[in-house]
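J.: Input file: input-v9.cif. Contents: mmCIF, C-alpha atoms.
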data_target
#
loop_
_atom_site.label_atom_id
_atom_site.label_comp_id
_atom_site.auth_asym_id
_atom_site.auth_seq_id
_atom_site.Cartn_x
_atom_site.Cartn_y
_atom_site.Cartn_z
CA MET A 1 7.77 21.40 -26.26
CA ARG A 2 8.37 18.84 -23.57
CA PRO A 3 11.92 18.17 -22.35
CA ILE A 4 13.57 15.33 -24.20
CA ALA A 5 13.92 13.33 -20.99
CA ASN A 6 10.16 12.91 -20.91
CA THR A 7 9.65 11.91 -24.49
CA ARG A 8 12.52 9.59 -25.34
CA SER A 9 12.00 5.92 -24.64
CA ALA A 10 15.17 4.10 -25.65
CA ALA A 11 14.36 1.39 -23.11
CA GLY A 12 10.89 0.81 -24.52
CA ILE A 13 9.28 2.71 -21.64
CA PRO A 14 9.11 6.53 -21.56
CA THR A 15 11.87 7.77 -19.26
CA GLY A 16 9.55 9.41 -16.76
CA ARG A 17 7.53 6.24 -16.30
CA LEU A 18 10.65 4.10 -16.13
CA ALA A 19 11.89 6.37 -13.33
CA VAL A 20 8.65 5.78 -11.43
CA TRP A 21 9.12 2.01 -11.76
CA TRP A 22 12.61 2.40 -10.30
CA VAL A 23 11.23 4.45 -7.42
CA LEU A 24 8.65 1.76 -6.77
CA ALA A 25 11.31 -0.96 -6.97
CA SER A 26 13.17 0.76 -4.13
CA GLU A 27 9.92 1.31 -2.26
CA ILE A 28 9.19 -2.42 -2.42
CA VAL A 29 12.45 -3.06 -0.58
CA ILE A 30 11.73 -0.33 1.99
CA PHE A 31 8.18 -1.42 2.80
CA GLY A 32 8.93 -5.07 2.11
CA GLY A 33 11.82 -5.13 4.57
CA LEU A 34 9.68 -3.53 7.23
CA LEU A 35 6.67 -5.77 6.66
CA VAL A 36 8.72 -8.96 6.40
CA SER A 37 10.44 -8.06 9.70
CA TYR A 38 7.03 -7.50 11.24
CA ILE A 39 5.69 -10.82 9.93
CA MET A 40 8.58 -12.87 11.29
CA HIS A 41 8.41 -11.14 14.68
CA ARG A 42 4.65 -11.55 14.77
CA ILE A 43 4.91 -15.28 14.08
CA GLY A 44 7.62 -15.52 16.76
CA HIS A 45 5.42 -13.69 19.27
CA PRO A 46 1.88 -15.09 19.25
CA GLU A 47 1.20 -13.03 22.38
CA TRP A 48 1.16 -9.89 20.21
CA ALA A 49 -2.39 -10.89 19.30
CA ASP A 50 -3.36 -9.50 22.72
CA GLN A 51 -2.16 -6.09 21.51
CA ALA A 52 -3.45 -6.35 17.93
CA ILE A 53 -6.97 -6.89 19.26
CA HIS A 54 -7.07 -3.19 20.16
CA THR A 55 -6.63 -1.92 16.59
CA ASN A 56 -9.88 -0.67 15.07
CA VAL A 57 -10.86 -2.83 12.09
CA TRP A 58 -13.70 -0.47 11.09
CA LEU A 59 -11.46 2.58 10.85
CA GLY A 60 -8.84 0.50 9.03
CA GLY A 61 -11.53 -0.83 6.69
CA THR A 62 -12.89 2.65 6.05
CA ASN A 63 -9.42 3.84 5.16
CA THR A 64 -9.04 0.89 2.77
CA PHE A 65 -12.29 1.96 1.11
CA VAL A 66 -11.01 5.55 0.87
CA LEU A 67 -7.72 4.50 -0.74
CA LEU A 68 -9.36 2.07 -3.18
CA THR A 69 -11.76 4.81 -4.23
CA SER A 70 -8.93 7.33 -4.62
CA SER A 71 -7.12 4.79 -6.80
CA LEU A 72 -10.20 4.64 -9.03
CA SER A 73 -10.22 8.43 -9.40
CA ALA A 74 -6.46 8.39 -10.10
CA VAL A 75 -6.84 5.89 -12.94
CA LEU A 76 -9.85 7.83 -14.30
CA ALA A 77 -7.65 10.94 -14.24
CA HIS A 78 -5.10 9.04 -16.31
CA LYS A 79 -7.84 8.02 -18.74
CA ALA A 80 -8.95 11.65 -19.07
CA ALA A 81 -5.34 12.77 -19.60
CA ALA A 82 -4.83 10.11 -22.26
CA ALA A 83 -7.92 11.50 -24.02
CA GLY A 84 -6.39 14.99 -23.86
CA ASP A 85 -8.91 16.34 -21.35
CA GLY A 86 -6.58 18.09 -18.89
CA PRO A 87 -9.24 19.97 -16.88
CA LYS A 88 -11.14 16.72 -16.19
CA ALA A 89 -7.89 14.98 -15.22
CA ALA A 90 -7.14 17.86 -12.82
CA ARG A 91 -10.58 17.60 -11.22
CA LEU A 92 -10.10 13.88 -10.68
CA LEU A 93 -6.66 14.50 -9.20
CA TYR A 94 -8.15 17.03 -6.77
CA PHE A 95 -10.70 14.39 -5.81
CA THR A 96 -7.87 11.89 -5.27
CA SER A 97 -6.04 14.42 -3.06
CA GLY A 98 -9.29 14.78 -1.12
CA GLY A 99 -9.17 11.01 -0.57
CA ALA A 100 -5.64 11.40 0.79
CA LEU A 101 -6.86 14.10 3.18
CA ALA A 102 -9.79 11.94 4.33
CA PHE A 103 -7.38 9.05 4.90
CA LEU A 104 -5.12 11.24 7.05
CA ILE A 105 -8.02 12.68 9.07
CA ILE A 106 -9.30 9.17 9.86
CA LYS A 107 -5.77 8.07 10.74
CA GLY A 108 -5.33 11.10 13.00
CA PHE A 109 -8.56 10.30 14.80
CA GLU A 110 -7.54 6.66 15.13
CA TRP A 111 -4.05 7.41 16.47
CA THR A 112 -5.38 10.00 18.89
CA SER A 113 -7.76 7.51 20.47
CA GLU A 114 -5.06 4.81 20.63
CA ILE A 115 -2.41 7.08 22.11
CA SER A 116 -4.84 8.49 24.66
CA ALA A 117 -5.70 4.88 25.64
CA GLY A 118 -2.00 4.34 26.38
CA TYR A 119 -0.93 2.47 23.25
CA THR A 120 2.13 4.43 22.15
CA ILE A 121 5.09 3.63 19.91
CA THR A 122 7.06 2.56 22.99
CA SER A 123 4.32 0.40 24.58
CA ASN A 124 5.73 -2.77 23.07
CA THR A 125 7.22 -4.02 19.82
CA PHE A 126 3.83 -4.62 18.22
CA TRP A 127 2.90 -0.97 18.63
CA SER A 128 6.39 0.07 17.46
CA PHE A 129 5.81 -1.80 14.20
CA TYR A 130 2.24 -0.50 14.02
CA TYR A 131 3.17 3.19 14.24
CA THR A 132 6.33 2.81 12.13
CA ALA A 133 4.64 0.97 9.25
CA ALA A 134 1.45 3.07 9.24
CA GLY A 135 3.47 6.26 9.81
CA LEU A 136 5.84 5.57 6.91
CA HIS A 137 2.80 4.82 4.75
CA ALA A 138 1.10 8.05 5.88
CA LEU A 139 4.21 10.03 4.87
CA HIS A 140 3.86 8.52 1.39
CA VAL A 141 0.20 9.54 1.35
CA ILE A 142 1.15 13.14 2.24
CA ALA A 143 3.89 13.23 -0.41
CA GLY A 144 1.55 11.78 -3.03
CA ALA A 145 -1.18 14.32 -2.24
CA PHE A 146 1.24 17.24 -2.61
CA ILE A 147 2.63 15.93 -5.90
CA MET A 148 -0.92 15.36 -7.19
CA LEU A 149 -1.84 18.97 -6.46
CA ILE A 150 1.24 20.16 -8.37
CA VAL A 151 0.47 17.86 -11.31
CA ALA A 152 -3.17 19.01 -11.31
CA GLN A 153 -2.04 22.64 -11.58
CA THR A 154 -0.36 22.00 -14.93
CA ALA A 155 -2.84 19.37 -16.11
CA LYS A 156 -5.79 21.77 -15.87
CA ARG A 157 -4.01 23.95 -18.46
CA ASN A 158 -3.51 20.84 -20.64
CA LEU A 159 0.22 20.86 -19.93
CA GLU A 160 2.49 17.93 -19.05
CA LEU A 161 -0.38 15.49 -19.16
CA HIS A 162 1.97 12.49 -19.06
CA ARG A 163 2.60 13.34 -15.40
CA VAL A 164 -0.98 12.36 -14.54
CA GLU A 165 -0.17 8.74 -15.28
CA LEU A 166 3.13 8.92 -13.37
CA ILE A 167 1.61 10.17 -10.11
CA GLY A 168 -1.23 7.68 -10.63
CA ILE A 169 1.20 4.74 -10.74
CA TYR A 170 2.81 5.95 -7.52
CA TRP A 171 -0.61 6.36 -5.91
CA HIS A 172 -1.68 2.83 -6.83
CA PHE A 173 1.49 1.56 -5.18
CA VAL A 174 0.62 3.45 -1.98
CA ASP A 175 -2.80 1.78 -2.24
CA ILE A 176 -1.20 -1.68 -2.63
CA VAL A 177 1.01 -1.14 0.45
CA TRP A 178 -2.12 -0.36 2.46
CA ILE A 179 -3.86 -3.42 1.00
CA PHE A 180 -1.19 -5.48 2.80
CA LEU A 181 -0.97 -3.32 5.92
CA PHE A 182 -4.69 -3.70 6.52
CA PRO A 183 -4.73 -7.48 7.13
CA LEU A 184 -1.35 -7.39 8.87
CA LEU A 185 -2.31 -4.73 11.42
CA TYR A 186 -6.10 -4.96 11.65
CA ILE A 187 -7.37 -8.39 10.60
CA ALA A 188 -4.73 -10.74 12.05
CA LYS A 189 -5.82 -10.67 15.69
CA MET B 190 -0.05 11.63 -22.02
CA SER B 191 0.19 7.87 -22.07
CA GLU B 192 2.88 6.37 -24.27
CA HIS B 193 1.44 2.89 -24.11
CA ALA B 194 0.98 1.36 -27.53
CA GLU B 195 -2.66 0.68 -26.78
CA HIS B 196 -4.92 0.78 -23.79
CA PRO B 197 -7.41 -2.04 -23.83
CA GLU B 198 -10.80 -0.85 -22.71
CA VAL B 199 -10.97 -1.61 -18.98
CA ASN B 200 -14.08 -0.97 -16.95
CA TYR B 201 -12.33 0.72 -14.02
CA VAL B 202 -15.52 1.13 -12.01
CA LYS B 203 -16.16 -2.61 -12.27
CA ILE B 204 -12.61 -3.36 -11.02
CA TRP B 205 -13.21 -0.93 -8.12
CA ALA B 206 -16.49 -2.69 -7.27
CA ILE B 207 -14.72 -6.07 -7.22
CA LEU B 208 -12.04 -4.59 -4.92
CA LEU B 209 -14.73 -3.32 -2.54
CA ALA B 210 -16.46 -6.71 -2.52
CA LEU B 211 -13.13 -8.36 -1.67
CA LEU B 212 -12.61 -5.80 1.11
CA ALA B 213 -16.02 -6.72 2.55
CA VAL B 214 -15.08 -10.42 2.54
CA SER B 215 -11.74 -9.77 4.26
CA ILE B 216 -13.55 -7.77 7.00
CA ALA B 217 -16.25 -10.45 7.35
CA GLY B 218 -13.69 -13.31 7.56
CA PRO B 219 -12.78 -12.77 11.26
CA PHE B 220 -16.46 -12.93 12.29
CA LEU B 221 -16.46 -16.67 11.54
CA GLY B 222 -14.02 -16.98 14.42
CA ILE B 223 -11.83 -19.55 12.67
CA GLN B 224 -8.28 -18.23 12.62
CA VAL B 225 -7.17 -20.22 9.56
CA VAL B 226 -10.15 -18.88 7.58
CA THR B 227 -9.39 -15.35 8.79
CA LEU B 228 -5.76 -15.49 7.71
CA LEU B 229 -6.46 -17.20 4.38
CA THR B 230 -9.24 -14.79 3.42
CA ALA B 231 -7.30 -11.74 4.62
CA PHE B 232 -3.96 -12.47 2.97
CA GLY B 233 -5.30 -14.38 -0.03
CA ILE B 234 -7.61 -11.48 -0.77
CA ALA B 235 -4.80 -8.95 -0.25
CA ILE B 236 -2.76 -10.71 -2.95
CA VAL B 237 -5.75 -10.78 -5.33
CA LYS B 238 -6.48 -7.09 -4.67
CA ALA B 239 -2.84 -6.13 -5.23
CA TYR B 240 -2.85 -8.12 -8.50
CA LEU B 241 -6.03 -6.39 -9.70
CA VAL B 242 -4.63 -2.94 -8.92
CA ALA B 243 -1.22 -3.67 -10.48
CA LYS B 244 -2.76 -5.16 -13.63
CA ASN B 245 -5.71 -2.87 -14.26
CA PHE B 246 -4.85 0.45 -12.61
CA MET B 247 -1.05 0.47 -13.02
CA HIS B 248 -1.39 -1.20 -16.45
CA LEU B 249 1.49 -3.57 -15.77
CA ASN B 250 -0.16 -6.05 -18.14
CA ILE B 251 0.67 -3.87 -21.15
CA GLU B 252 4.04 -2.59 -19.94
CA PRO B 253 7.20 -4.22 -21.35
CA ARG B 254 7.87 -7.37 -19.33
CA TYR B 255 11.13 -6.13 -17.87
CA ALA B 256 9.22 -3.62 -15.71
CA VAL B 257 7.46 -6.57 -14.09
CA TYR B 258 10.76 -8.45 -13.73
CA LEU B 259 12.29 -5.37 -12.05
CA LEU B 260 9.53 -5.30 -9.43
CA VAL B 261 9.47 -9.07 -8.96
CA THR B 262 13.25 -9.06 -8.40
CA MET B 263 12.69 -6.73 -5.44
CA LEU B 264 10.02 -9.07 -4.08
CA VAL B 265 12.52 -11.93 -4.33
CA PHE B 266 15.03 -9.87 -2.31
CA MET B 267 12.30 -9.44 0.29
CA LEU B 268 11.80 -13.20 0.47
CA LEU B 269 15.58 -13.69 0.75
CA LEU B 270 15.59 -11.34 3.75
CA PHE B 271 12.80 -13.40 5.28
CA ALA B 272 14.44 -16.76 4.55
CA GLY B 273 17.80 -15.57 5.87
CA SER B 274 16.66 -14.08 9.15
CA ALA B 275 13.35 -15.77 9.98
CA PRO B 276 14.87 -18.81 11.75
CA ASP B 277 16.73 -16.54 14.16
CA VAL B 278 13.75 -14.30 14.84
CA MET B 279 10.92 -16.81 14.89
CA LYS B 280 12.48 -19.58 16.98
CA HIS B 281 13.38 -19.11 20.62
CA GLU B 282 15.15 -22.40 21.11
CA GLY B 283 16.50 -25.29 19.05
CA ALA B 284 18.05 -28.73 19.55
CA ASN B 285 21.31 -27.42 20.97
CA TRP B 286 20.67 -23.75 21.67
CA ILE B 287 18.44 -21.40 23.58
CA LYS B 288 18.02 -17.75 22.65
CA PRO B 289 18.43 -15.44 25.63
CA ARG B 290 15.29 -13.37 26.03
CA VAL B 291 16.52 -9.85 25.52
CA GLU B 292 13.20 -8.38 24.45
CA VAL B 293 11.34 -6.79 27.30
CA GLU B 294 7.64 -6.86 26.56
CA THR B 295 6.01 -4.17 28.62
CA GLN B 296 2.27 -4.53 28.58
CA ALA B 297 0.22 -1.64 27.41
CA PRO B 298 -2.41 -0.57 29.91
CA ALA B 299 -5.77 -2.30 29.74
CA HIS B 300 -8.25 -0.77 27.35
CA HIS B 301 -10.45 1.79 29.08
#
Just give me the structure as structure tokens.
T.:
Amino acid sequence: MRPIANTRSAAGIPTGRLAVWWVLASEIVIFGGLLVSYIMHRIGHPEWADQAIHTNVWLGGTNTFVLLTSSLSAVLAHKAAAAGDGPKAARLLYFTSGGALAFLIIKGFEWTSEISAGYTITSNTFWSFYYTAAGLHALHVIAGAFIMLIVAQTAKRNLELHRVELIGIYWHFVDIVWIFLFPLLYIAK
Amino acid sequence: MSEHAEHPEVNYVKIWAILLALLAVSIAGPFLGIQVVTLLTAFGIAIVKAYLVAKNFMHLNIEPRYAVYLLVTMLVFMLLLFAGSAPDVMKHEGANWIKPRVEVETQAPAHH
């Protein structure tokens, strides 16, 4: 039997899912505040374009592809869970975690080349925003991957399948944040 | 397991393919070399992609409306932050004032 906190839905939304929406509401303010600050500084400093030109649009684009694909596997995991197929949902969650790992490896490669070229978090304010925003996002990727592995462990035994949707919603949000980070940091030169 | 009343049949792979096509356009935009086109394609497409993910992958279209209102409220707060502080940050001088330049922009070394 599942705990009552997961099954009741006095507010019209199951409590677990409602909690995820609240988490995302606070995340919007966290990322939104950071990105809005970046946007207004960027508009106030057109000369930052000379720095932004050094970000690698191909690596950023590849990572966008990786996250969009991992979002697809996350929603397919939810579909499998909704159909009661826990083992399939778990496999898709493992695949999604693999996407998170690929994203982090690409990001590690990217940062290594940038730092070794002398573009560090203290180089100037553009790079401070760059590493802060992408770093905060990467921490969310790491957290999401860990939670997905935990959820997959129970899902493969057909337990707590509602969690598959919950981690999926969080993962799609992480995807959406990157959808905005990509043009802000890589396309706007 | 999902507690949604009903899940309309969504072709998730098709949505993913559309997202990838939009990604390709946003990468191709800068190659035209027109900054306005670059910014419009990049940010316009980002909004469309975010909408597609929120609607089809997060299923916000079938969630009770107040979940959407909750998230939109936070976006409004974000815009309030922008509206409240943007004039100070974005302008360096006005009709009767000049902002002292306190930011020290140290140049990163040239790309090797």
J.: Give as a list in words each residue that has an atom at most 12 Å from (-16.3, 2.2, -15.5) in the file, counting all atoms listed in the file.
T.: Leu72, Ser73, Val75, Leu76 and Lys79 of chain A; Glu198, Val199, Asn200, Tyr201, Val202, Lys203, Ile204, Trp205, Ala206, Ile207, Asn245 and Phe246 of chain B
J.: Identify, on the basis of only C-alpha atoms, every residue whose closest approach to Thr154 of chain A does not exceed 10 Å; exclude the query and any residue fewer than 2 positions from it along the same chain; express the result as a ChimeraX atom specification.
T.: /A:86-87,90,149-152,156-161,163-164
J.: Find the spatial neighbours of Ile234 of chain B, counting all atoms listed in the file, within a cut-off of 12 Å - ignore same-chain residues fewer than 2 positions away - and output them as number ranges by chain.
T.: A: 176, 179-180, 182-183, 187; B: 207-218, 226-232, 236-241
J.: May I have the selected residues written with C-alpha atoms, as an mmCIF file, in the frame of the given file?
T.:
data_model
loop_
_atom_site.group_PDB
_atom_site.id
_atom_site.type_symbol
_atom_site.label_atom_id
_atom_site.label_comp_id
_atom_site.auth_asym_id
_atom_site.auth_seq_id
_atom_site.Cartn_x
_atom_site.Cartn_y
_atom_site.Cartn_z
ATOM 1 C CA ILE A 176 -1.200 -1.680 -2.630
ATOM 2 C CA ILE A 179 -3.860 -3.420 1.000
ATOM 3 C CA PHE A 180 -1.190 -5.480 2.800
ATOM 4 C CA PHE A 182 -4.690 -3.700 6.520
ATOM 5 C CA PRO A 183 -4.730 -7.480 7.130
ATOM 6 C CA ILE A 187 -7.370 -8.390 10.600
ATOM 7 C CA ILE B 207 -14.720 -6.070 -7.220
ATOM 8 C CA LEU B 208 -12.040 -4.590 -4.920
ATOM 9 C CA LEU B 209 -14.730 -3.320 -2.540
ATOM 10 C CA ALA B 210 -16.460 -6.710 -2.520
ATOM 11 C CA LEU B 211 -13.130 -8.360 -1.670
ATOM 12 C CA LEU B 212 -12.610 -5.800 1.110
ATOM 13 C CA ALA B 213 -16.020 -6.720 2.550
ATOM 14 C CA VAL B 214 -15.080 -10.420 2.540
ATOM 15 C CA SER B 215 -11.740 -9.770 4.260
ATOM 16 C CA ILE B 216 -13.550 -7.770 7.000
ATOM 17 C CA ALA B 217 -16.250 -10.450 7.350
ATOM 18 C CA GLY B 218 -13.690 -13.310 7.560
ATOM 19 C CA VAL B 226 -10.150 -18.880 7.580
ATOM 20 C CA THR B 227 -9.390 -15.350 8.790
ATOM 21 C CA LEU B 228 -5.760 -15.490 7.710
ATOM 22 C CA LEU B 229 -6.460 -17.200 4.380
ATOM 23 C CA THR B 230 -9.240 -14.790 3.420
ATOM 24 C CA ALA B 231 -7.300 -11.740 4.620
ATOM 25 C CA PHE B 232 -3.960 -12.470 2.970
ATOM 26 C CA ILE B 236 -2.760 -10.710 -2.950
ATOM 27 C CA VAL B 237 -5.750 -10.780 -5.330
ATOM 28 C CA LYS B 238 -6.480 -7.090 -4.670
ATOM 29 C CA ALA B 239 -2.840 -6.130 -5.230
ATOM 30 C CA TYR B 240 -2.850 -8.120 -8.500
ATOM 31 C CA LEU B 241 -6.030 -6.390 -9.700
#
J.: Starting from the displayed file, determine the output of the PyMOL selection byres ((chain A) within 8 of (chain B)) and express the residue list as a ChimeraX atom specification.
T.: /A:12-14,18,21-22,24-26,28-29,32-33,36-37,40-41,43-45,51,54,57,61,64-65,68-69,71-72,75-76,78,81-82,84,117-119,123-125,160-165,168-169,172-173,176,179-180,183,187-188
J.: Could you tell me which residues the PyMOL selection byres ((chain A and resi 56) around 10) grabs in this file, written as a list in words?
T.: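 On the file shown, the PyMOL selection byres ((chain A and resi 56) around 10) covers Ala52, Ile53, His54, Thr55, Val57, Trp58, Leu59, Gly60, Gly61, Glu110, Glu114, Leu185, Tyr186 and Ile187 of chain A.
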J.: What is the distance, in Å and to one decimal place, between atom CA of Ser70 of chain A and atom CA of Ser113 of chain A?
T.: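 Interatomic distance here is 25.1 Å.
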J.: I want to know what sits within 9 Å of Gly99 of chain A, based on only C-alpha atoms, with residues of the same chain fewer than 2 positions away left out; could you give that as a list of chain:residue names?
T.: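 The residues that qualify are A:Val66, A:Leu67, A:Thr69, A:Ser70, A:Tyr94, A:Phe95, A:Thr96, A:Ser97, A:Leu101, A:Ala102, A:Phe103, A:Leu104, A:Ala145.
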J.: Have a look at A:Tyr130, A:Phe109, A:Tyr170, A:Tyr38 and name the one nearest to Asn63 of chain A; count only C-alpha atoms.
T.: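 Smallest distance to Asn63 of chain A is found for A:Phe109.
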J.: How many Å lie between atom CA of Ile106 of chain A and atom CA of Tyr131 of chain A, rounded to one decimal?
T.: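 Calculated distance between atom CA of Ile106 of chain A and atom CA of Tyr131 of chain A is 14.5 Å.
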J.: What box, with edges along x, y and z, holds each listed atom of segment 258-275 of chain B when 3 Å is added on every side, and can you state its centre and edge lengths in Å to one decimal, as lines of an AutoDock Vina configuration file?
T.:
center_x = 13.6
center_y = -11.0
center_z = -1.9
size_x = 14.3
size_y = 17.5
size_z = 29.7
J.: Would you mind reading off the distance between atom CA of Gly135 of chain A and atom CA of Ala19 of chain A, one decimal, in Å?
T.: 24.6 Å
J.: Would you be able to write out as a list of chain:residue names which residues have an atom within 10 Å of (0.2, 9.6, 5.3) in the file's coordinates, counting all atoms listed in the file?
T.: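 Protein, DNA and RNA residues close to (0.2, 9.6, 5.3): A:Ala100, A:Leu101, A:Phe103, A:Leu104, A:Ile105, A:Lys107, A:Gly108, A:Ala134, A:Gly135, A:Leu136, A:His137, A:Ala138, A:Leu139, A:His140, A:Val141, A:Ile142, A:Ala143, A:Gly144, A:Ala145, A:Val174.
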J.: Where atoms are absent from segment 121-140 of chain A, fill them in so it carries N, CA and C atoms, then output it as a PDB file, in the frame of the given file.
T.:
ATOM      1  N   ILE A 121       4.060   4.320  20.704  1.00  0.00           N
ATOM      2  CA  ILE A 121       5.090   3.630  19.910  1.00  0.00           C
ATOM      3  C   ILE A 121       6.086   2.883  20.805  1.00  0.00           C
ATOM      4  N   THR A 122       6.147   3.246  22.088  1.00  0.00           N
ATOM      5  CA  THR A 122       7.060   2.560  22.990  1.00  0.00           C
ATOM      6  C   THR A 122       6.354   1.536  23.899  1.00  0.00           C
ATOM      7  N   SER A 123       5.053   1.330  23.704  1.00  0.00           N
ATOM      8  CA  SER A 123       4.320   0.400  24.580  1.00  0.00           C
ATOM      9  C   SER A 123       4.899  -1.010  24.506  1.00  0.00           C
ATOM     10  N   ASN A 124       5.004  -1.514  23.292  1.00  0.00           N
ATOM     11  CA  ASN A 124       5.730  -2.770  23.070  1.00  0.00           C
ATOM     12  C   ASN A 124       6.055  -2.868  21.587  1.00  0.00           C
ATOM     13  N   THR A 125       6.707  -3.966  21.193  1.00  0.00           N
ATOM     14  CA  THR A 125       7.220  -4.020  19.820  1.00  0.00           C
ATOM     15  C   THR A 125       6.093  -4.063  18.800  1.00  0.00           C
ATOM     16  N   PHE A 126       4.944  -4.639  19.163  1.00  0.00           N
ATOM     17  CA  PHE A 126       3.830  -4.620  18.220  1.00  0.00           C
ATOM     18  C   PHE A 126       3.461  -3.184  17.854  1.00  0.00           C
ATOM     19  N   TRP A 127       3.298  -2.361  18.893  1.00  0.00           N
ATOM     20  CA  TRP A 127       2.900  -0.970  18.630  1.00  0.00           C
ATOM     21  C   TRP A 127       4.025  -0.194  17.946  1.00  0.00           C
ATOM     22  N   SER A 128       5.276  -0.564  18.187  1.00  0.00           N
ATOM     23  CA  SER A 128       6.390   0.070  17.460  1.00  0.00           C
ATOM     24  C   SER A 128       6.258  -0.193  15.967  1.00  0.00           C
ATOM     25  N   PHE A 129       5.995  -1.467  15.621  1.00  0.00           N
ATOM     26  CA  PHE A 129       5.810  -1.800  14.200  1.00  0.00           C
ATOM     27  C   PHE A 129       4.562  -1.096  13.662  1.00  0.00           C
ATOM     28  N   TYR A 130       3.506  -1.081  14.450  1.00  0.00           N
ATOM     29  CA  TYR A 130       2.240  -0.500  14.020  1.00  0.00           C
ATOM     30  C   TYR A 130       2.425   0.968  13.617  1.00  0.00           C
ATOM     31  N   TYR A 131       3.015   1.751  14.526  1.00  0.00           N
ATOM     32  CA  TYR A 131       3.170   3.190  14.240  1.00  0.00           C
ATOM     33  C   TYR A 131       4.228   3.445  13.162  1.00  0.00           C
ATOM     34  N   THR A 132       5.283   2.611  13.136  1.00  0.00           N
ATOM     35  CA  THR A 132       6.330   2.810  12.130  1.00  0.00           C
ATOM     36  C   THR A 132       5.794   2.518  10.732  1.00  0.00           C
ATOM     37  N   ALA A 133       5.130   1.362  10.577  1.00  0.00           N
ATOM     38  CA  ALA A 133       4.640   0.970   9.250  1.00  0.00           C
ATOM     39  C   ALA A 133       3.542   1.929   8.775  1.00  0.00           C
ATOM     40  N   ALA A 134       2.552   2.186   9.645  1.00  0.00           N
ATOM     41  CA  ALA A 134       1.450   3.070   9.240  1.00  0.00           C
ATOM     42  C   ALA A 134       1.949   4.506   9.080  1.00  0.00           C
ATOM     43  N   GLY A 135       2.920   4.905   9.899  1.00  0.00           N
ATOM     44  CA  GLY A 135       3.470   6.260   9.810  1.00  0.00           C
ATOM     45  C   GLY A 135       4.244   6.467   8.514  1.00  0.00           C
ATOM     46  N   LEU A 136       5.077   5.475   8.165  1.00  0.00           N
ATOM     47  CA  LEU A 136       5.840   5.570   6.910  1.00  0.00           C
ATOM     48  C   LEU A 136       4.868   5.616   5.720  1.00  0.00           C
ATOM     49  N   HIS A 137       3.809   4.810   5.809  1.00  0.00           N
ATOM     50  CA  HIS A 137       2.800   4.820   4.750  1.00  0.00           C
ATOM     51  C   HIS A 137       2.104   6.182   4.678  1.00  0.00           C
ATOM     52  N   ALA A 138       1.785   6.743   5.856  1.00  0.00           N
ATOM     53  CA  ALA A 138       1.100   8.050   5.880  1.00  0.00           C
ATOM     54  C   ALA A 138       1.988   9.139   5.270  1.00  0.00           C
ATOM     55  N   LEU A 139       3.303   9.056   5.490  1.00  0.00           N
ATOM     56  CA  LEU A 139       4.210  10.030   4.870  1.00  0.00           C
ATOM     57  C   LEU A 139       4.136   9.931   3.343  1.00  0.00           C
ATOM     58  N   HIS A 140       3.997   8.697   2.844  1.00  0.00           N
ATOM     59  CA  HIS A 140       3.860   8.520   1.390  1.00  0.00           C
ATOM     60  C   HIS A 140       2.533   9.083   0.891  1.00  0.00           C
TER      61      HIS A 140
END
